[in-house]
file model-v5.txt (compact mmCIF, C-alpha atoms)
# COMPACT_ATOMS: atom_id res chain seq x y z
CA MET A 1 62.39 122.47 89.55
CA THR A 2 61.66 121.98 85.87
CA THR A 3 65.35 121.33 85.23
CA ARG A 4 65.54 118.84 88.08
CA TYR A 5 62.44 117.10 86.73
CA HIS A 6 64.02 117.01 83.30
CA TYR A 7 67.23 115.62 84.79
CA ASP A 8 65.34 112.85 86.59
CA GLU A 9 63.67 111.92 83.32
CA GLN A 10 66.99 111.80 81.50
CA LEU A 11 68.47 109.68 84.25
CA GLU A 12 65.54 107.28 84.13
CA ASP A 13 66.03 106.99 80.39
CA LEU A 14 69.77 106.34 80.85
CA HIS A 15 69.04 103.62 83.39
CA LEU A 16 66.56 101.94 81.05
CA LYS A 17 69.13 101.99 78.26
CA ILE A 18 71.82 100.50 80.49
CA LEU A 19 69.43 97.73 81.59
CA LYS A 20 68.59 97.10 77.94
CA LEU A 21 72.30 96.87 77.07
CA GLY A 22 72.67 94.54 80.04
CA SER A 23 70.00 92.18 78.77
CA MET A 24 71.51 92.25 75.26
CA VAL A 25 74.83 91.27 76.81
CA GLU A 26 73.31 88.51 78.96
CA GLU A 27 71.66 87.14 75.84
CA ALA A 28 75.03 87.16 74.06
CA ILE A 29 76.61 85.15 76.90
CA ASP A 30 73.67 82.76 76.91
CA LYS A 31 73.67 82.18 73.16
CA SER A 32 77.43 81.82 72.90
CA ILE A 33 77.44 79.10 75.57
CA ARG A 34 74.42 77.38 74.05
CA SER A 35 76.08 77.48 70.64
CA LEU A 36 79.13 75.77 72.15
CA VAL A 37 77.23 73.12 74.10
CA GLU A 38 74.88 72.33 71.22
CA HIS A 39 77.53 72.50 68.45
CA ASP A 40 75.33 75.17 66.84
CA LYS A 41 77.35 77.24 64.37
CA ALA A 42 74.35 79.24 63.18
CA LEU A 43 73.71 80.44 66.74
CA ALA A 44 77.40 81.33 67.11
CA GLU A 45 77.20 83.40 63.94
CA GLU A 46 74.19 85.22 65.37
CA VAL A 47 76.23 86.25 68.42
CA ILE A 48 79.09 87.46 66.23
CA ASP A 49 76.80 89.39 63.88
CA ASN A 50 74.91 91.01 66.74
CA ASP A 51 78.08 92.45 68.28
CA ASP A 52 77.88 95.51 66.02
CA VAL A 53 74.43 96.27 67.42
CA ILE A 54 75.79 96.03 70.96
CA ASP A 55 78.74 98.27 70.07
CA SER A 56 76.49 100.96 68.58
CA PHE A 57 74.15 100.81 71.51
CA THR A 58 77.09 101.24 73.91
CA LEU A 59 78.16 104.33 72.01
CA GLU A 60 74.60 105.63 72.17
CA ILE A 61 74.78 105.33 75.96
CA ASP A 62 78.16 107.09 75.99
CA ASP A 63 76.69 109.91 73.92
CA GLU A 64 73.71 110.15 76.22
CA CYS A 65 76.01 110.44 79.26
CA VAL A 66 77.96 113.20 77.54
CA ARG A 67 74.72 114.97 76.63
CA ILE A 68 73.44 114.82 80.22
CA ILE A 69 76.72 116.24 81.51
CA ALA A 70 76.69 119.01 78.91
CA THR A 71 73.07 120.05 79.34
CA GLN A 72 72.46 119.39 83.05
CA GLN A 73 75.94 119.96 84.44
CA PRO A 74 75.26 117.57 87.30
CA LEU A 75 77.39 117.72 90.45
CA ALA A 76 78.44 115.41 93.27
CA ARG A 77 76.37 112.22 93.41
CA ASP A 78 74.48 113.07 90.20
CA LEU A 79 77.75 113.47 88.33
CA ARG A 80 79.09 110.24 89.81
CA ILE A 81 76.04 108.37 88.48
CA ILE A 82 76.78 109.56 84.96
CA VAL A 83 80.52 108.89 85.20
CA ALA A 84 79.76 105.38 86.47
CA GLY A 85 77.38 104.98 83.50
CA LEU A 86 80.23 105.85 81.10
CA LYS A 87 82.54 103.38 82.80
CA LEU A 88 80.18 100.46 83.10
CA ALA A 89 78.95 100.79 79.52
CA THR A 90 82.52 99.87 78.56
CA ASP A 91 82.45 96.88 80.93
CA LEU A 92 79.24 95.65 79.31
CA GLU A 93 80.67 96.05 75.83
CA ARG A 94 83.78 94.08 76.80
CA ILE A 95 81.60 91.32 78.24
CA ALA A 96 79.91 91.06 74.85
CA ASP A 97 83.36 90.83 73.24
CA HIS A 98 84.08 87.81 75.41
CA ALA A 99 80.81 86.23 74.25
CA VAL A 100 82.02 86.78 70.68
CA ASP A 101 85.32 85.08 71.53
CA ILE A 102 83.35 82.09 72.81
CA ALA A 103 81.15 82.04 69.70
CA LYS A 104 84.30 82.02 67.54
CA ILE A 105 85.51 78.98 69.44
CA THR A 106 82.18 77.28 68.65
CA GLU A 107 82.78 77.98 64.97
CA ARG A 108 86.22 76.43 65.28
CA ILE A 109 85.26 73.17 67.02
CA ALA A 110 81.52 72.62 66.51
CA ASP A 111 82.12 69.95 63.85
CA GLU A 112 84.20 67.83 66.22
CA VAL A 113 83.05 65.28 68.80
CA TYR A 114 83.81 66.82 72.19
CA ILE A 115 86.43 65.18 74.39
CA LYS A 116 84.13 65.50 77.40
CA PRO A 117 80.58 66.58 78.26
CA LEU A 118 80.47 70.29 79.09
CA ILE A 119 79.31 70.66 82.69
CA ASP A 120 81.47 73.31 84.34
CA ILE A 121 81.25 75.76 81.44
CA PRO A 122 77.44 76.14 81.49
CA ARG A 123 77.56 76.29 85.30
CA MET A 124 80.13 79.09 85.23
CA ALA A 125 78.10 80.86 82.54
CA GLU A 126 74.96 80.80 84.71
CA MET A 127 76.91 82.30 87.58
CA VAL A 128 78.48 85.09 85.57
CA LYS A 129 75.13 85.96 83.98
CA GLU A 130 73.66 86.21 87.47
CA MET A 131 76.55 88.48 88.49
CA VAL A 132 76.05 90.78 85.51
CA LYS A 133 72.30 91.01 86.10
CA GLY A 134 72.73 91.57 89.83
CA ALA A 135 75.40 94.22 89.31
CA LEU A 136 73.13 96.20 86.98
CA ASP A 137 70.19 95.94 89.37
CA ALA A 138 72.49 97.24 92.08
CA TYR A 139 73.50 100.11 89.77
CA VAL A 140 70.00 101.32 88.97
CA THR A 141 68.98 101.16 92.63
CA THR A 142 72.42 102.33 93.90
CA ASP A 143 72.42 99.42 96.32
CA SER A 144 76.00 99.01 97.51
CA THR A 145 75.14 96.23 99.98
CA ARG A 146 73.87 94.16 97.09
CA ALA A 147 76.90 95.15 95.02
CA ILE A 148 79.26 93.79 97.67
CA GLU A 149 77.25 90.58 97.92
CA ILE A 150 77.50 89.96 94.20
CA THR A 151 81.26 90.32 94.11
CA LYS A 152 81.51 87.38 96.50
CA LEU A 153 80.37 85.11 93.66
CA ASP A 154 83.63 86.00 91.90
CA ASP A 155 85.58 83.65 94.18
CA GLU A 156 83.24 80.79 93.30
CA VAL A 157 83.71 81.46 89.60
CA ASP A 158 87.49 81.49 90.08
CA GLY A 159 87.21 78.21 91.97
CA ILE A 160 85.32 76.48 89.16
CA TYR A 161 87.79 77.87 86.64
CA LYS A 162 90.78 76.46 88.53
CA GLN A 163 89.13 73.05 88.84
CA MET A 164 88.28 73.12 85.14
CA PHE A 165 91.86 74.05 84.27
CA ARG A 166 93.24 71.06 86.19
CA GLU A 167 90.72 68.70 84.65
CA LEU A 168 91.42 69.85 81.09
CA LEU A 169 95.14 69.44 81.69
CA THR A 170 94.60 65.76 82.54
CA TYR A 171 92.63 65.31 79.30
CA MET A 172 95.53 66.84 77.39
CA MET A 173 98.06 64.56 79.05
CA GLU A 174 95.92 61.49 78.44
CA ASP A 175 95.76 61.85 74.69
CA GLN A 176 97.48 64.37 72.46
CA LYS A 177 94.44 64.36 70.18
CA ASN A 178 92.60 66.18 73.02
CA ILE A 179 95.07 69.05 73.17
CA HIS A 180 93.66 71.46 70.63
CA GLN A 181 90.08 71.21 71.85
CA ALA A 182 91.11 71.38 75.50
CA THR A 183 93.00 74.65 74.91
CA GLN A 184 89.82 76.04 73.33
CA PHE A 185 87.78 75.10 76.40
CA LEU A 186 90.47 76.69 78.58
CA PHE A 187 89.98 79.94 76.69
CA VAL A 188 86.22 79.70 77.19
CA GLY A 189 86.84 79.35 80.93
CA LYS A 190 89.19 82.34 80.87
CA SER A 191 86.57 84.45 79.08
CA LEU A 192 83.92 83.56 81.65
CA GLU A 193 86.33 84.40 84.45
CA ARG A 194 86.95 87.81 82.82
CA ILE A 195 83.22 88.42 82.54
CA ALA A 196 82.96 87.89 86.30
CA ASP A 197 85.75 90.47 86.74
CA HIS A 198 83.82 92.98 84.65
CA ALA A 199 80.70 92.36 86.75
CA THR A 200 82.85 93.05 89.81
CA ASN A 201 84.00 96.32 88.23
CA ILE A 202 80.38 97.33 87.79
CA CYS A 203 79.80 96.63 91.49
CA GLU A 204 82.74 98.87 92.35
CA TRP A 205 81.11 101.70 90.40
CA VAL A 206 77.92 101.23 92.40
CA ILE A 207 79.90 101.73 95.61
CA TYR A 208 81.58 104.77 94.06
CA ILE A 209 78.20 106.36 93.37
CA ASP A 210 76.89 105.56 96.81
CA LYS A 211 79.88 106.45 98.94
CA GLY A 212 82.04 108.59 96.68
CA ILE A 213 84.98 106.28 97.24
CA HIS A 214 86.65 103.59 95.19
CA GLU A 215 86.95 100.12 96.59
CA ASP A 216 88.93 97.42 94.90
CA LEU A 217 86.79 94.29 95.14
CA ASN A 218 88.63 92.50 92.35
CA LYS A 219 91.16 90.81 94.59
CA MET B 1 89.67 134.43 79.95
CA THR B 2 90.88 133.50 83.40
CA THR B 3 88.60 130.48 83.45
CA ARG B 4 89.80 129.34 80.04
CA TYR B 5 93.38 129.77 81.17
CA HIS B 6 92.62 127.78 84.28
CA TYR B 7 90.96 125.09 82.18
CA ASP B 8 94.02 124.83 79.91
CA GLU B 9 96.21 124.40 82.95
CA GLN B 10 93.98 121.66 84.35
CA LEU B 11 93.96 119.90 80.99
CA GLU B 12 97.74 120.10 80.77
CA ASP B 13 97.95 118.60 84.24
CA LEU B 14 95.52 115.80 83.25
CA HIS B 15 97.60 115.03 80.16
CA LEU B 16 100.78 114.84 82.23
CA LYS B 17 99.10 112.46 84.65
CA ILE B 18 97.83 110.23 81.85
CA LEU B 19 101.31 110.12 80.32
CA LYS B 20 102.74 109.25 83.71
CA LEU B 21 100.20 106.45 84.13
CA GLY B 22 101.14 105.33 80.63
CA SER B 23 104.81 105.06 81.51
CA MET B 24 104.00 103.18 84.72
CA VAL B 25 101.98 100.74 82.65
CA GLU B 26 104.71 100.35 80.01
CA GLU B 27 107.16 99.62 82.80
CA ALA B 28 104.79 96.99 84.19
CA ILE B 29 104.63 95.27 80.78
CA ASP B 30 108.39 95.49 80.43
CA LYS B 31 109.17 94.11 83.87
CA SER B 32 106.60 91.31 83.66
CA ILE B 33 108.10 90.08 80.39
CA ARG B 34 111.65 90.44 81.69
CA SER B 35 110.69 88.52 84.83
CA LEU B 36 109.37 85.71 82.63
CA VAL B 37 112.32 85.59 80.24
CA GLU B 38 114.91 85.81 83.03
CA HIS B 39 113.08 83.48 85.48
CA ASP B 40 113.16 86.39 87.93
CA LYS B 41 110.53 85.89 90.64
CA ALA B 42 111.59 88.97 92.63
CA LEU B 43 110.92 91.16 89.60
CA ALA B 44 107.55 89.47 89.10
CA GLU B 45 106.65 90.25 92.68
CA GLU B 46 107.57 93.88 92.12
CA VAL B 47 105.06 94.08 89.25
CA ILE B 48 102.34 92.48 91.39
CA ASP B 49 103.04 94.73 94.37
CA ASN B 50 103.11 97.87 92.25
CA ASP B 51 99.65 97.22 90.83
CA ASP B 52 98.01 98.93 93.82
CA VAL B 53 99.97 102.08 93.02
CA ILE B 54 98.73 101.95 89.42
CA ASP B 55 95.15 101.38 90.58
CA SER B 56 95.24 104.36 92.94
CA PHE B 57 96.80 106.57 90.32
CA THR B 58 94.08 105.56 87.84
CA LEU B 59 91.43 106.56 90.37
CA GLU B 60 93.23 109.87 90.91
CA ILE B 61 92.92 110.52 87.18
CA ASP B 62 89.23 109.57 87.28
CA ASP B 63 88.69 111.99 90.15
CA GLU B 64 90.55 114.73 88.31
CA CYS B 65 88.33 114.21 85.23
CA VAL B 66 85.23 114.44 87.41
CA ARG B 67 86.59 117.59 89.07
CA ILE B 68 87.29 119.26 85.72
CA ILE B 69 83.78 118.44 84.52
CA ALA B 70 82.25 119.76 87.76
CA THR B 71 84.26 122.99 87.98
CA GLN B 72 84.76 123.88 84.31
CA GLN B 73 81.65 122.39 82.79
CA PRO B 74 83.42 121.88 79.48
CA LEU B 75 81.41 121.44 76.29
CA ALA B 76 81.83 119.84 72.86
CA ARG B 77 85.46 118.96 72.10
CA ASP B 78 86.64 119.96 75.59
CA LEU B 79 84.12 117.61 77.15
CA ARG B 80 85.08 114.83 74.74
CA ILE B 81 88.72 115.16 75.83
CA ILE B 82 87.73 114.58 79.46
CA VAL B 83 85.35 111.73 78.66
CA ALA B 84 88.09 110.07 76.62
CA GLY B 85 90.43 110.55 79.58
CA LEU B 86 87.98 108.68 81.82
CA LYS B 87 87.68 105.88 79.31
CA LEU B 88 91.34 105.43 78.49
CA ALA B 89 92.40 105.51 82.14
CA THR B 90 90.42 102.26 82.47
CA ASP B 91 92.18 100.82 79.42
CA LEU B 92 95.56 101.62 80.97
CA GLU B 93 94.57 100.05 84.27
CA ARG B 94 93.44 96.88 82.50
CA ILE B 95 96.73 96.72 80.62
CA ALA B 96 98.51 96.76 83.97
CA ASP B 97 96.23 93.91 85.12
CA HIS B 98 97.46 91.86 82.16
CA ALA B 99 101.06 92.59 83.18
CA VAL B 100 100.15 91.25 86.64
CA ASP B 101 98.70 88.10 85.02
CA ILE B 102 102.00 87.61 83.21
CA ALA B 103 103.99 88.19 86.42
CA LYS B 104 101.87 85.55 88.17
CA ILE B 105 102.76 83.11 85.42
CA THR B 106 106.44 83.87 86.07
CA GLU B 107 105.91 83.00 89.73
CA ARG B 108 104.31 79.73 88.67
CA ILE B 109 106.98 78.51 86.24
CA ALA B 110 110.21 80.43 86.99
CA ASP B 111 111.77 77.45 88.75
CA GLU B 112 111.37 75.22 85.70
CA VAL B 113 113.64 74.84 82.68
CA TYR B 114 111.72 76.33 79.76
CA ILE B 115 110.61 74.03 76.96
CA LYS B 116 111.83 76.54 74.38
CA PRO B 117 113.69 79.84 74.20
CA LEU B 118 111.26 82.76 74.37
CA ILE B 119 111.53 84.72 71.14
CA ASP B 120 108.02 85.63 70.04
CA ILE B 121 106.86 86.75 73.48
CA PRO B 122 109.47 89.53 73.91
CA ARG B 123 108.90 90.56 70.29
CA MET B 124 105.15 90.84 70.84
CA ALA B 125 105.78 92.72 74.09
CA GLU B 126 107.95 95.30 72.30
CA MET B 127 105.21 95.84 69.74
CA VAL B 128 102.42 96.27 72.24
CA LYS B 129 104.51 98.67 74.33
CA GLU B 130 105.10 100.72 71.19
CA MET B 131 101.34 100.69 70.54
CA VAL B 132 100.53 101.90 74.06
CA LYS B 133 103.13 104.64 73.92
CA GLY B 134 102.06 105.74 70.44
CA ALA B 135 98.38 105.74 71.38
CA LEU B 136 99.03 108.02 74.36
CA ASP B 137 101.17 110.39 72.27
CA ALA B 138 98.30 110.52 69.78
CA TYR B 139 95.92 111.29 72.67
CA VAL B 140 97.83 114.24 74.10
CA THR B 141 98.33 115.75 70.64
CA THR B 142 94.85 114.66 69.41
CA ASP B 143 96.50 113.23 66.31
CA SER B 144 93.97 110.90 64.71
CA THR B 145 96.17 110.15 61.69
CA ARG B 146 98.78 108.74 64.03
CA ALA B 147 96.07 106.91 66.00
CA ILE B 148 94.91 105.11 62.86
CA GLU B 149 98.50 104.22 61.95
CA ILE B 150 99.09 102.62 65.35
CA THR B 151 96.06 100.40 65.16
CA LYS B 152 97.55 98.79 62.07
CA LEU B 153 100.17 97.17 64.31
CA ASP B 154 97.33 95.20 65.90
CA ASP B 155 97.18 92.87 62.89
CA GLU B 156 100.89 92.14 63.23
CA VAL B 157 100.46 91.34 66.91
CA ASP B 158 97.57 89.01 66.07
CA GLY B 159 99.74 87.37 63.42
CA ILE B 160 102.57 86.63 65.86
CA TYR B 161 100.05 85.32 68.39
CA LYS B 162 98.55 82.86 65.89
CA GLN B 163 101.99 81.62 64.88
CA MET B 164 102.95 81.25 68.54
CA PHE B 165 99.74 79.34 69.26
CA ARG B 166 100.48 76.83 66.49
CA GLU B 167 104.07 76.40 67.61
CA LEU B 168 103.14 75.82 71.26
CA LEU B 169 100.56 73.26 70.19
CA THR B 170 103.28 71.23 68.47
CA TYR B 171 105.37 71.34 71.66
CA MET B 172 102.40 70.03 73.62
CA MET B 173 101.82 67.21 71.17
CA GLU B 174 105.49 66.25 71.15
CA ASP B 175 105.76 65.61 74.87
CA GLN B 176 103.05 65.71 77.50
CA LYS B 177 105.56 67.10 79.98
CA ASN B 178 105.47 70.32 77.93
CA ILE B 179 101.73 70.80 78.28
CA HIS B 180 101.46 72.76 81.50
CA GLN B 181 104.17 75.24 80.61
CA ALA B 182 102.93 75.64 77.06
CA THR B 183 99.44 76.56 78.29
CA GLN B 184 101.06 79.22 80.49
CA PHE B 185 102.90 80.70 77.49
CA LEU B 186 99.63 80.63 75.55
CA PHE B 187 98.05 82.77 78.26
CA VAL B 188 100.98 85.20 78.10
CA GLY B 189 100.38 85.52 74.37
CA LYS B 190 96.67 86.08 74.96
CA SER B 191 97.43 88.81 77.51
CA LEU B 192 99.73 90.60 75.07
CA GLU B 193 97.10 90.34 72.37
CA ARG B 194 94.57 91.93 74.75
CA ILE B 195 97.00 94.74 75.57
CA ALA B 196 97.15 95.51 71.86
CA ASP B 197 93.33 95.63 71.82
CA HIS B 198 93.35 98.13 74.68
CA ALA B 199 95.88 100.29 72.81
CA THR B 200 93.51 100.17 69.84
CA ASN B 201 90.66 101.31 72.10
CA ILE B 202 92.76 104.30 73.16
CA CYS B 203 93.28 105.15 69.48
CA GLU B 204 89.53 105.05 68.94
CA TRP B 205 89.09 107.61 71.73
CA VAL B 206 91.59 109.89 69.99
CA ILE B 207 89.45 109.80 66.85
CA TYR B 208 86.35 110.45 68.97
CA ILE B 209 87.93 113.60 70.40
CA ASP B 210 89.09 114.79 67.01
CA LYS B 211 86.06 114.04 64.90
CA GLY B 212 83.26 113.53 67.42
CA ILE B 213 82.51 110.12 65.95
CA HIS B 214 83.24 106.60 67.07
CA GLU B 215 85.12 104.30 64.77
CA ASP B 216 85.57 100.62 65.45
CA LEU B 217 89.21 99.89 64.64
CA ASN B 218 89.28 96.67 66.65
CA LYS B 219 88.27 94.40 63.78
call {"tool": "encode", "arguments": {"input": "model-v5.txt", "output": "structure tokens"}}
result
Amino acid sequence: MTTRYHYDEQLEDLHLKILKLGSMVEEAIDKSIRSLVEHDKALAEEVIDNDDVIDSFTLEIDDECVRIIATQQPLARDLRIIVAGLKLATDLERIADHAVDIAKITERIADEVYIKPLIDIPRMAEMVKEMVKGALDAYVTTDSTRAIEITKLDDEVDGIYKQMFRELLTYMMEDQKNIHQATQFLFVGKSLERIADHATNICEWVIYIDKGIHEDLNK
Amino acid sequence: MTTRYHYDEQLEDLHLKILKLGSMVEEAIDKSIRSLVEHDKALAEEVIDNDDVIDSFTLEIDDECVRIIATQQPLARDLRIIVAGLKLATDLERIADHAVDIAKITERIADEVYIKPLIDIPRMAEMVKEMVKGALDAYVTTDSTRAIEITKLDDEVDGIYKQMFRELLTYMMEDQKNIHQATQFLFVGKSLERIADHATNICEWVIYIDKGIHEDLNK
């Protein structure tokens, strides 16, 4: 009983850490997009500098998972929770890497006048942030119904990305001076699309915990 | 003694499976690039169709890692080997996803005459394949010296990518008819660059097994 109690405490602590990493990552997405929209190089630098903190915190979570396995030797569903924790920590870290990529694009083009007002990019960013947040909520409550719901947003994100791609292409064709900046916005769109894929991966891990099976929702 | 012997056998089996997944993934990279260079849509389709096989095999490796943890309850270095296995299986699967992205680009543009001969892309592909192969060899032999060596190739890959980016931009500026295809080649370059990052991640896991510490080599 004491061991079980101790295990529950450790698990609670792990969940809190994962949620904390999640909110750090959401903040990174948010700031990187704001830095781009507002031509704010100082904010972009903040995102880039903070990535080391996110990396260390991810490793702390990895170490905690390893420690729980080593000391508690969890089985079945308990073990799946920890394995999913190991996997999704990596997804969160990669999401932060994409935010850094976006911040680097801000640094590259913030001094220029933009070829168009940024509408789709902030809209996509809001959606992917919602996906990340929802996926983590589904993880800590092991709610696979919610997990499946969230993955449906992925199609919407893909839809906006495709529309954005076509629009940027027309800007490039219109004036060759638009080309460099438009390719940068394309990469921002690609990063946001990847973030949505990572959120979908997290949802798949939720289903794995709940049902012990793997479902590929990233189609 | 019997348990230890059994553990060694399971570990050997896990290593073989990871190497097999590695060669499936290398083949996917190889075929996707060949499909692009040779305008071969049938080959591209093969890569896309085979991705399900790679996904299932990755999950089989995940399950095997979980089984080893549950039945052998490994500790310290032994546990780190299994945790690294879980992590790098995901890296391999993501590499295969990038090969699929490249194959989809082949499907999109194979019927067109290319705006330029593809030289840098196959060269980058050779390098990233070498990185993936080397990283997995370093994993099964836990050779962190070799792991560090391999990550140095990442800078070369980044260098080719930057050069390629600049060159494609000039093609786009020269003639607006080049724009769509050039953006597709840019995405191929980006995918190859990401594959190199995943190979670097694998190298970091080798160092983690060997030294019990995390080093960020992806800078």
call {"tool": "interface_residues", "arguments": {"input": "model-v5.txt", "of": "chain A", "to": "chain B", "cutoff": "6 Å", "atoms": "only C-alpha atoms", "output": "JSON, numbers by chain"}}
result
{"A": [70, 75, 173, 176]}
call {"tool": "atom_distance", "arguments": {"input": "model-v5.txt", "atom1": "CA of Asp155 (chain A)", "atom2": "CA of Leu192 (chain B)"}}
result
24.8 Å
call {"tool": "closest_residue", "arguments": {"input": "model-v5.txt", "among": "B:Ala135, B:Ile95, B:Ile61, B:Ala103", "to": "Leu43 (chain B)", "atoms": "only C-alpha atoms"}}
result
B:Ala103
call {"tool": "atom_distance", "arguments": {"input": "model-v5.txt", "atom1": "CA of Met164 (chain B)", "atom2": "CA of Lys31 (chain B)"}}
result
21.0 Å
call {"tool": "atom_distance", "arguments": {"input": "model-v5.txt", "atom1": "CA of Thr200 (chain A)", "atom2": "CA of Glu193 (chain B)"}}
result
22.7 Å
call {"tool": "residues_around", "arguments": {"input": "model-v5.txt", "residues": "His39 (chain B)", "least_positions_apart": "4", "cutoff": "9 Å", "atoms": "only C-alpha atoms", "output": "ChimeraX atom specification"}}
result
/B:34-35,43-44,106-107,109-112
call {"tool": "closest_residue", "arguments": {"input": "model-v5.txt", "among": "A:Val206, A:Met124, A:Leu153, A:Ala42", "to": "Lys104 (chain A)", "atoms": "all atoms listed in the file"}}
result
A:Ala42
call {"tool": "residues_around", "arguments": {"input": "model-v5.txt", "residues": "Ile102 (chain A)", "least_positions_apart": "2", "cutoff": "8 Å", "atoms": "all atoms listed in the file", "output": "CSV table (one decimal) with C-alpha atoms, keeping the file's coordinate frame"}}
result
chain,number,residue,atom,x,y,z
A,32,SER,CA,77.4,81.8,72.9
A,33,ILE,CA,77.4,79.1,75.6
A,36,LEU,CA,79.1,75.8,72.2
A,98,HIS,CA,84.1,87.8,75.4
A,99,ALA,CA,80.8,86.2,74.2
A,100,VAL,CA,82.0,86.8,70.7
A,104,LYS,CA,84.3,82.0,67.5
A,105,ILE,CA,85.5,79.0,69.4
A,106,THR,CA,82.2,77.3,68.6
A,187,PHE,CA,90.0,79.9,76.7
A,188,VAL,CA,86.2,79.7,77.2
A,191,SER,CA,86.6,84.4,79.1
call {"tool": "residues_around", "arguments": {"input": "model-v5.txt", "residues": "Cys203 (chain A)", "least_positions_apart": "2", "cutoff": "9 Å", "atoms": "only C-alpha atoms", "output": "ChimeraX atom specification"}}
result
/A:134-136,138-139,144,146-148,150-151,198-201,205-208,217
call {"tool": "residues_near_point", "arguments": {"input": "model-v5.txt", "point": "(100.9, 105.6, 81.8)", "cutoff": "10 Å", "atoms": "all atoms listed in the file", "output": "PyMOL selection string"}}
result
chain B and resi 16-28+54+57-58+89+92-93+95-96+132-133+136
call {"tool": "residues_around", "arguments": {"input": "model-v5.txt", "residues": "Ile68 (chain A)", "least_positions_apart": "6", "cutoff": "9 Å", "atoms": "all atoms listed in the file", "output": "PyMOL selection string"}}
result
chain A and resi 7+10-11+74+82
